[in-house]
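Printed here is start37.cif (mmCIF, C-alpha atoms and all ligand atoms):
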```
data_run
loop_
_atom_site.label_atom_id
_atom_site.label_comp_id
_atom_site.auth_asym_id
_atom_site.auth_seq_id
_atom_site.Cartn_x
_atom_site.Cartn_y
_atom_site.Cartn_z
CA ARG A 1 -3.84 -4.73 -6.54
CA CYS A 2 -5.33 -7.10 -3.92
CA GLU A 3 -2.80 -6.73 -1.16
CA ALA A 4 -4.38 -3.68 0.53
CA VAL A 5 -7.69 -5.59 0.54
CA ARG A 6 -5.96 -8.57 2.19
CA MET A 7 -4.36 -6.23 4.74
CA LEU A 8 -7.67 -4.53 5.54
CA LEU A 9 -9.52 -7.84 5.95
CA THR A 10 -6.75 -9.35 8.08
CA ASP A 11 -6.58 -6.31 10.35
CA GLN A 12 -10.37 -6.38 10.73
CA GLY A 13 -10.20 -10.02 11.82
CA GLN A 14 -11.92 -11.33 8.67
CA GLU A 15 -11.32 -14.44 6.63
CA TRP A 16 -11.74 -14.76 2.88
CA GLN A 17 -11.39 -17.21 0.08
CA GLU A 18 -9.22 -16.62 -2.98
CA ASP A 19 -9.36 -18.07 -6.49
CA VAL A 20 -5.90 -17.60 -7.95
CA VAL A 21 -5.90 -17.21 -11.73
CA THR A 22 -2.89 -18.60 -13.56
CA VAL A 23 -1.34 -16.77 -16.51
CA ASP A 24 -2.23 -19.80 -18.68
CA LEU A 25 -5.91 -19.58 -17.77
CA TRP A 26 -5.96 -15.79 -18.26
CA GLN A 27 -4.36 -16.10 -21.68
CA LYS A 28 -7.18 -18.39 -22.86
CA GLY A 29 -9.25 -15.19 -22.89
CA GLU A 30 -12.63 -16.46 -21.68
CA LEU A 31 -12.22 -15.10 -18.16
CA LYS A 32 -11.03 -11.73 -19.46
CA LYS A 33 -14.14 -11.50 -21.64
CA SER A 34 -16.30 -12.11 -18.59
CA CYS A 35 -14.72 -9.30 -16.55
CA LEU A 36 -16.54 -5.96 -16.64
CA PHE A 37 -13.44 -3.96 -17.66
CA GLY A 38 -11.51 -6.92 -19.06
CA GLN A 39 -9.27 -7.02 -16.00
CA LEU A 40 -8.82 -8.60 -12.60
CA PRO A 41 -9.11 -8.50 -9.64
CA LYS A 42 -12.74 -9.41 -9.12
CA PHE A 43 -14.32 -9.31 -5.68
CA ARG A 44 -17.41 -11.07 -4.35
CA ASP A 45 -19.28 -10.33 -1.15
CA GLY A 46 -22.40 -12.48 -1.04
CA ASP A 47 -24.36 -11.71 -4.20
CA LEU A 48 -22.43 -8.49 -4.84
CA THR A 49 -19.72 -8.72 -7.52
CA LEU A 50 -17.28 -5.85 -7.93
CA TYR A 51 -14.39 -4.93 -10.20
CA GLN A 52 -11.90 -2.08 -9.48
CA SER A 53 -9.76 -2.57 -6.40
CA ASN A 54 -10.52 0.88 -4.98
CA ALA A 55 -14.23 0.03 -5.13
CA PHE A 56 -13.45 -3.10 -3.06
CA LEU A 57 -11.66 -0.96 -0.49
CA ARG A 58 -14.50 1.55 -0.34
CA HIS A 59 -17.08 -1.19 0.01
CA LEU A 60 -15.09 -2.77 2.85
CA ALA A 61 -14.52 0.64 4.43
CA ARG A 62 -18.30 1.17 4.54
CA THR A 63 -18.79 -2.35 5.90
CA TYR A 64 -16.22 -2.06 8.71
CA GLY A 65 -16.62 1.61 9.60
CA LEU A 66 -13.37 2.79 8.03
CA TYR A 67 -14.83 5.65 5.99
CA GLY A 68 -14.71 8.46 8.54
CA LYS A 69 -17.44 9.67 10.86
CA ASP A 70 -19.38 11.83 8.42
CA GLN A 71 -19.62 12.93 4.77
CA ARG A 72 -16.92 15.53 5.25
CA GLU A 73 -14.42 12.96 6.54
CA ALA A 74 -15.44 10.56 3.77
CA ALA A 75 -14.65 13.28 1.22
CA LEU A 76 -11.23 13.83 2.78
CA LEU A 77 -10.57 10.08 2.80
CA ASP A 78 -11.56 9.88 -0.89
CA MET A 79 -9.07 12.65 -1.59
CA VAL A 80 -6.29 10.79 0.20
CA ASN A 81 -7.15 7.51 -1.53
CA ASP A 82 -7.17 9.18 -4.96
CA GLY A 83 -3.72 10.54 -4.11
CA VAL A 84 -2.60 6.98 -3.30
CA GLU A 85 -3.97 5.83 -6.67
CA ASP A 86 -1.99 8.55 -8.46
CA LEU A 87 1.14 7.35 -6.67
CA ARG A 88 0.35 3.72 -7.53
CA LEU A 89 0.08 4.62 -11.22
CA LYS A 90 3.47 6.35 -11.09
CA TYR A 91 4.88 3.27 -9.33
CA ALA A 92 3.44 1.01 -12.05
CA GLN A 93 5.01 3.23 -14.71
CA LEU A 94 8.37 2.96 -12.96
CA ILE A 95 8.18 -0.81 -12.62
CA TYR A 96 6.62 -1.76 -15.95
CA GLN A 97 7.65 0.98 -18.37
CA ASN A 98 10.55 3.05 -17.18
CA TYR A 99 12.60 0.79 -14.94
CA ILE A 100 16.03 2.09 -15.98
CA SER A 101 18.50 4.69 -14.77
CA PHE A 102 21.70 6.26 -16.09
CA ALA A 103 23.68 3.64 -14.18
CA ASP A 104 22.07 0.93 -16.34
CA TYR A 105 23.45 2.49 -19.53
CA ASN A 106 26.87 2.74 -17.93
CA LEU A 107 26.87 -0.86 -16.68
CA VAL A 108 25.44 -2.34 -19.89
CA GLU A 109 28.00 -0.47 -21.99
CA LEU A 110 30.86 -1.87 -19.91
CA VAL A 111 29.51 -5.43 -19.84
CA ARG A 112 28.93 -5.35 -23.60
CA ASN A 113 32.59 -4.42 -24.06
CA HIS A 114 33.52 -7.54 -22.11
CA LEU A 115 31.25 -9.55 -24.42
CA VAL A 116 33.14 -8.22 -27.45
CA LEU A 117 36.43 -9.38 -25.93
CA ALA A 118 35.09 -12.68 -24.51
CA PRO A 119 31.66 -13.62 -25.96
CA GLY A 120 31.18 -16.45 -23.45
CA CYS A 121 32.05 -14.47 -20.37
CA LEU A 122 28.46 -14.36 -19.05
CA ALA A 123 27.82 -18.08 -19.47
CA SER A 124 27.85 -18.64 -15.72
CA CYS A 125 25.90 -15.42 -14.97
CA PRO A 126 22.44 -15.96 -16.48
CA LEU A 127 20.78 -13.13 -14.52
CA LEU A 128 23.38 -10.60 -15.64
CA ALA A 129 23.20 -11.89 -19.22
CA ALA A 130 19.39 -11.56 -19.23
CA TYR A 131 19.62 -8.07 -17.78
CA VAL A 132 22.06 -6.93 -20.48
CA GLU A 133 19.81 -8.48 -23.14
CA ARG A 134 16.73 -6.77 -21.71
CA VAL A 135 18.25 -3.32 -21.56
CA SER A 136 19.88 -3.74 -24.99
CA ALA A 137 16.50 -4.74 -26.44
CA ARG A 138 14.87 -1.38 -25.69
CA PRO A 139 13.71 -0.37 -29.20
CA ARG A 140 15.65 2.88 -29.70
CA LEU A 141 18.71 1.49 -27.97
CA ARG A 142 18.66 -1.71 -30.04
CA THR A 143 18.55 0.30 -33.28
CA TYR A 144 21.54 2.30 -32.11
CA LEU A 145 23.50 -0.75 -30.90
CA GLU A 146 22.94 -2.45 -34.26
CA SER A 147 23.99 0.64 -36.25
CA ALA A 148 27.36 0.91 -38.01
CA ALA A 149 28.03 4.03 -35.94
CA HIS A 150 28.11 1.89 -32.81
CA ARG A 151 29.48 -1.38 -34.21
CA ASP A 152 32.42 0.22 -36.01
CA ARG A 153 33.45 2.50 -33.18
CA PRO A 154 36.66 1.29 -31.52
CA ILE A 155 36.17 0.36 -27.90
CA ASN A 156 39.69 0.85 -26.59
CA GLY A 157 42.14 3.62 -27.41
CA ASN A 158 45.10 1.20 -27.75
CA GLY A 159 43.49 -0.99 -30.41
CA LYS A 160 42.98 -3.99 -28.08
CA GLN A 161 39.46 -4.89 -29.02
N1 LIG B 1 -8.13 -0.19 -12.01
C1 LIG B 1 -8.08 -1.64 -11.88
C2 LIG B 1 -6.80 -2.11 -12.52
C3 LIG B 1 -6.81 -3.60 -12.67
C4 LIG B 1 -5.58 -4.11 -13.38
O1 LIG B 1 -4.68 -3.35 -13.76
N2 LIG B 1 -5.55 -5.43 -13.57
C5 LIG B 1 -4.44 -6.08 -14.23
C6 LIG B 1 -3.69 -6.96 -13.25
S1 LIG B 1 -3.06 -6.06 -11.90
C7 LIG B 1 -4.98 -7.02 -15.29
O2 LIG B 1 -6.06 -7.58 -15.16
N3 LIG B 1 -4.18 -7.23 -16.36
C8 LIG B 1 -4.47 -8.18 -17.39
C9 LIG B 1 -5.11 -7.58 -18.59
O3 LIG B 1 -5.34 -6.35 -18.65
O4 LIG B 1 -5.36 -8.35 -19.54
C10 LIG B 1 -8.15 -2.04 -10.41
O5 LIG B 1 -7.75 -1.23 -9.56
O6 LIG B 1 -8.63 -3.13 -10.09
#
```
Would you mind writing the file out in structure tokens?
Ligand SMILES: N[C@@H](CCC(=O)N[C@@H](CS)C(=O)NCC(=O)O)C(=O)O
Amino acid sequence: RCEAVRMLLTDQGQEWQEDVVTVDLWQKGELKKSCLFGQLPKFRDGDLTLYQSNAFLRHLARTYGLYGKDQREAALLDMVNDGVEDLRLKYAQLIYQNYISFADYNLVELVRNHLVLAPGCLASCPLLAAYVERVSARPRLRTYLESAAHRDRPINGNGKQ
């Protein structure tokens, strides 16, 4: 959420100071309570404090003459930036909520078969093991994988399972 701000400031030859918030500090809750919408990032320019990263960008755009030459251009730039925000929200959904494809089901199914035959086979592959765990833990999938329908279904047609 801050990277476009960093890019803008860098390209405009500006310097800034950052306070990096650790997950531990955030989880204590006090800072969250102090934030206007309960979220970071927070931006300070002199005595002006802002929340909402697009507001930071707009403020900096006004400061450094990056908001078009008149109201009409500013309106067009707002339109483009709102389009970028829509895309960012879809990106966030992909990364945080729906980061899986059909190939994941196919791979996890095959790796799980190996685990039935050789339960320790991923011992030296912690990343792969964690990935299989993560996909298998998706709520609907987990219920299915734990069901008798799945557990009792033979894996191999020749009985070698
Ligand atoms: N619309 C806000 C979104 C801010 C946001 O999503 N912040 C996240 C981190 S990127 C956050 O503070 N998450 C912690 C929480 O909600 O408790 C912006 O553009 O600044």
Contacts between region 2-21 of chain A and region 47-158 of chain A, please, where a residue of region 47-158 of chain A counts if it comes within 9 Å (with all atoms listed in the file); show its shortest atom pair and distance in Å to one decimal, rows by chain and ascending number, as JSON lines.
```
{"residue": "A:Ser53", "atom": "CA", "partner": "A:Cys2", "partner_atom": "CA", "distance": 6.8}
{"residue": "A:Asn54", "atom": "CA", "partner": "A:Val5", "partner_atom": "CA", "distance": 9.0}
{"residue": "A:Phe56", "atom": "CA", "partner": "A:Val5", "partner_atom": "CA", "distance": 7.2}
{"residue": "A:Leu57", "atom": "CA", "partner": "A:Val5", "partner_atom": "CA", "distance": 6.2}
{"residue": "A:Leu60", "atom": "CA", "partner": "A:Leu8", "partner_atom": "CA", "distance": 8.1}
{"residue": "A:Ala61", "atom": "CA", "partner": "A:Leu8", "partner_atom": "CA", "distance": 8.7}
{"residue": "A:Tyr64", "atom": "CA", "partner": "A:Gln12", "partner_atom": "CA", "distance": 7.5}
```
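Interatomic distance, atom C8 of ligand LIG 1 (chain B) to CA of Leu50 (chain A): 16.1 Å.
Here atom C6 of ligand LIG 1 (chain B) stands at a distance of 6.7 Å from CA of Pro41 (chain A).
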Box in all listed atoms of region 38-42 of chain A, axis-aligned, with 4 Å more on each side; write out centre and edge lengths in Å to one decimal as AutoDock Vina command-line options.
```
--center_x -10.8 --center_y -8.2 --center_z -14.1 --size_x 11.9 --size_y 10.5 --size_z 17.9
```
Given 7 Å and all atoms listed in the file, residues near ligand LIG 1 (chain B) as a ChimeraX atom specification: /A:1,32,38-41,51-54
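Distances to Pro154 (chain A) were evaluated for A:Arg142, A:Ala75, A:Val116, A:Tyr131 using all atoms listed in the file, and the minimum falls at A:Val116.
The spacing separating CA of Cys125 (chain A) from CA of Thr22 (chain A) amounts to 29.0 Å.
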Residue with the minimum atom-to-atom distance to Asn113 (chain A), picked from A:Thr49, A:Gln71, A:Asn156, A:Asn98 with all atoms listed in the file counted, is A:Asn156
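Among A:Leu76, A:Ile100, A:Leu31, A:Ile95, the residue with the shortest atom-to-atom distance to Arg138 (chain A), counting only C-alpha atoms, is A:Ile100.
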**Prompt:** Taking (35.8, -0.1, -28.4) in the file's coordinates, which residues come within 12 Å, counting only C-alpha atoms, written as a PyMOL selection string?
**Reply:** chain A and resi 109-117+149-161
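Minimum atom-to-atom distance to Ala55 (chain A), evaluated using only C-alpha atoms, belongs to A:Asp78 out of A:Glu146, A:Asp104, A:Asp78, A:Asp70.
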Q: Do a neighbour search on Leu128 (chain A) at 12 Å with only C-alpha atoms, toss out local chain neighbours closer than 4 positions, and write the hits as a list in words.
A: Asp104, Leu107, Val108, Val111, Arg112, Leu115, Cys121, Leu122, Ala123, Ser124, Val132, Glu133, Arg134 and Val135 of chain A
